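Encoded as structure tokens, the structure appears first; notes follow it.
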2 protein chains.
Amino acid sequence: MKRESTPTMKDVARECGLSLATVSKVINGLPVGKKSRERVEAAIDKLGYQVNTYARALKSSKTYSVALVMPSLKHPFFAYLTDELTKCLMNRGYRAVLMITNYDAEVEQKSFVMVRSNKMDGVIALTYSPDLSVGESIPIVTIDRHLGEDIPCISSDNYRGGELAAQKLIELGCRKLLFMRITSPVQGEPNKRCSGFESVCNTRGIEYETLLFHDNEPNEPIYLFLEDHIRDGAFDFDGVFCNSDLLASRVIRFLSERGVSVPGQVQIIGYDGIIDRFTGKHVCSTIEQPIAQMSETAVNILLDYQGASEGVNICLPVKYIPGGTTKD
Amino acid sequence: MKRESTPTMKDVARECGLSLATVSKVINGLPVGKKSRERVEAAIDKLGYQVNTYARALKSSKTYSVALVMPSLKHPFFAYLTDELTKCLMNRGYRAVLMITNYDAEVEQKSFVMVRSNKMDGVIALTYSPDLSVGESIPIVTIDRHLGEDIPCISSDNYRGGELAAQKLIELGCRKLLFMRITSPVQGEPNKRCSGFESVCNTRGIEYETLLFHDNEPNEPIYLFLEDHIRDGAFDFDGVFCNSDLLASRVIRFLSERGVSVPGQVQIIGYDGIIDRFTGKHVCSTIEQPIAQMSETAVNILLDYQGASEGVNICLPVKYIPGGTTKD
């Protein structure tokens with residue numbers, strides 16, 4: 001019954017007349033216009049809004065444990081993400097309960113059930129099942145996935161990333177572009193990489209093709225397509241954007257093995273921006289995801305704004321990084 | 001006094017007419033025939049049975065949670081190990097509570113304290129602090145480390161690995177060998193890689209040098225040493241064994257950049273045997289650690305033999321794998 005008296009983020013948003021997303025950005029120290037920031041801060045002062053998980057924890061029966069639902073740690077992006085998420089949770093005094101799903105829908109569903117039966121405080125999930133049923137009761141934040149209107153989604157600015165990749169390739173002289181993606185049936189933010197890429201190609205009047213492969217057997221069809229488009233040592237496209245550095249590295253390897261020079265004949269840009277620990281370098285020119293910032297944001301949203309974060313969808317800024325597979 | 005009215009696992013077993021063991025397997029997510037699983041799940045729904053881990057914990061004084069204390073997930077070996085350990089724990093119906101220490105002694109010590117204060121059932125740890133005080137009360141299994149006489153240690157057969165590497169290099173014609181290792185001050189199984197290597201060199205009368213660098217700034221002294229031993233395009237050693245694939249890949253890169261051909265002039269063998277996700281290949285000829293087997297063993301020892309595992313020190317078999325940096 002004390003509820004009404006403690007101001008929520010919603011109250012702050014109502015007070016300053018700005019969106020919940022804007023308010024949460026301000027509190028997270030994310031980029032927001034000066035004017036908006038000042039309005040939000042004024043509202044926070046006026047209402048005496050306080051972020052205080054620990055105080056709230058005493059009232060509610062908290063377990064100080066948060067589930068991290070991840071497909072695998074054998075993919076460097078997921079390993080880096082899990083590393084950062086775990087450190088953020090530990091810094092907040094929470095336990096990170098890791099659940100590895102191996103991209104298996106049944107295991108994903110089971111982990112959500114387990115989270116509820118274990119009375120955990122929340123979930124940060126990166127899932128692949130298109131029809132996950134998420135329990136009402138669990139506070140959840142996703143990375144890259146849309147699991148429901150009222151579930152916050154944290155991601156890199158995928159649309160901007162697609163734009164950046166297309167702009168770069170065009171700026172570097174490419175005139176026949178290709179976008180390659182390994183898709184999963186799930187509705188996710190990464191789909192926007194394609195839209196951003198296409199919009200730039202269309203407005204600039206650049207010829208392009210987009211290719212979607214399915215993630216159950218990622219390699220064969222890709223290699224067949226590449227093979228079909230190599231004619232006496234020349235590739236039909238002079239610029240390729242791949243939706244991950246992993247896919248890009250496969251494409252680069254395949255083309256090089258067949259005497260197609262990268263970046264000489266074909267320039268290639270990937271996505272993720274993870275440094276290969278073995279080479280100590282980026283594996284290709286790439287769009288870098290701000291993994292540490294994504295992790296911190298996901299943890300803060302989950303722990304500070306439970307129940308008050310409807311529709312929050314935060315896309316964090318990406319950066320283009322030349323990595324030797326483009327002519328810059 | 002509401003106790004009686006809340007359905008127990010026994011009620012579920014009675015309802016579906018299956019054994020208590022089968023019911024608990026289903027609830028703990030252990031393998032069970034599809035038909036049985038469906039019958040148990042139907043009974044659970046009908047009775048509205050709820051797994052309450054904490055209630056269960058009070059009865060059995062178990063929390064069904066095990067801490068995984070790891071230095072980082074940005075190193076592929078630790079990422080693969082954590083992936084496998086987590087899956088093994090989940091298969092046994094346990095939660096994996098991940099703790100990332102960043103090789104920091106204070107954080108390592110803190111995580112052991114946390115394990116005790118959280119009443120976790122045990123710890124599987126890969127630590128770097130030389131003087132970690134481990135609580136009496138916690139069942140613990142280490143990967144690669146000797147934290148005490150009565151603490152089981154699971155590792156690959158490091159001594160045998162060192163022997164294999166030396167034998168291979170000699171068999172492939174190397175006559176002036178070098179062993180390079182980045183050390184930490186901790187007493188660990190990996191030290192045996194050096195002993196195994198040296199014993200073979202000594203019995204075969206092969207000239208060798210062993211070099212230990214410290215892990216606080218791994219690169220500079222290594223590169224200085226290599227630089228000093230390159231004389232007009234030739235390296236002073238014709239065979240090198242590195243105590244990790246990561247170190248090997250740095251050495252290979254450095255030598256190649258200075259015109260020393262690998263494996264032409266120098267043959268190099270690393271340790272770990274992890275496949276680089278980006279290239280899809282081993283980064284070098286290597287001694288492969290059986291990560292999945294090590295993980296399963298660690299989990300089984302921790303959960304099944306608590307208190308009865310004094311002095312258990314299990315070294316699992318390693319394998320030599322040619323990876324293009326040797327002449328085989």
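Chains: A, B, ... in order of the structure tokens. Residues: from 1 per chain. Ligands: from 1, in order shown.
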**Message:** Pairing every C-alpha atom in order, fit chain A onto chain B and give me the RMSD in Å.
**Reply:** 9.5 Å
Enumerate, in order of chain and increasing residue number, the residues of chain A with an atom no farther than 8 Å from chain B, each with its shortest atom pair and distance in Å to one decimal, counting only C-alpha atoms, as a Markdown table.
```
| residue | atom | partner | partner_atom | distance |
| --- | --- | --- | --- | --- |
| A:Ser72 | CA | B:Asp83 | CA | 6.6 |
| A:Leu73 | CA | B:Asp83 | CA | 5.4 |
| A:Lys74 | CA | B:Tyr80 | CA | 5.7 |
| A:His75 | CA | B:Arg277 | CA | 7.0 |
| A:Pro76 | CA | B:Lys74 | CA | 7.5 |
| A:Ala79 | CA | B:Leu73 | CA | 5.6 |
| A:Tyr80 | CA | B:Lys74 | CA | 5.7 |
| A:Thr82 | CA | B:Leu73 | CA | 7.5 |
| A:Asp83 | CA | B:Leu73 | CA | 5.4 |
| A:Thr86 | CA | B:Ile100 | CA | 6.7 |
| A:Lys87 | CA | B:Ile100 | CA | 6.3 |
| A:Met90 | CA | B:Met99 | CA | 7.5 |
| A:Arg95 | CA | B:Val97 | CA | 6.4 |
| A:Ala96 | CA | B:Val97 | CA | 5.5 |
| A:Val97 | CA | B:Val97 | CA | 4.4 |
| A:Leu98 | CA | B:Ala96 | CA | 5.6 |
| A:Met99 | CA | B:Thr86 | CA | 6.9 |
| A:Ile100 | CA | B:Lys87 | CA | 6.3 |
| A:Ser117 | CA | B:Val51 | CA | 5.6 |
| A:Asn118 | CA | B:Thr53 | CA | 5.5 |
| A:Lys119 | CA | B:Asn52 | CA | 8.0 |
| A:Asp245 | CA | B:Phe278 | CA | 7.7 |
| A:Leu246 | CA | B:Phe278 | CA | 5.5 |
| A:Ser249 | CA | B:Phe278 | CA | 5.9 |
| A:Arg250 | CA | B:Thr279 | CA | 7.2 |
| A:Arg253 | CA | B:Thr279 | CA | 7.8 |
| A:Asp276 | CA | B:Phe278 | CA | 7.4 |
| A:Arg277 | CA | B:His75 | CA | 7.0 |
| A:Phe278 | CA | B:Leu246 | CA | 5.5 |
| A:Thr279 | CA | B:Ser249 | CA | 6.8 |
| A:Val283 | CA | B:Phe278 | CA | 7.2 |
```
**Message:** To test your reading of the structure, identify every residue in range 48-177 of chain B that backbone DSSP assigns to alpha helix (DSSP H), and report it as a PyMOL selection string.
**Reply:** chain B and resi 53-60+76-91+105-117+158-171
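CA of Asp45 in chain B sits 17.8 Å away from CA of Val32 in chain B.
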**Prompt:** Can you tell me, as a PyMOL selection string, what residues are no more than 10 Å from range 168-178 of chain A when counting only C-alpha atoms, ignoring any on the same chain fewer than 3 positions away?
**Reply:** chain A and resi 163-165+181+197-198+200-201+204-211+236-242+265-269+320+322+326-328
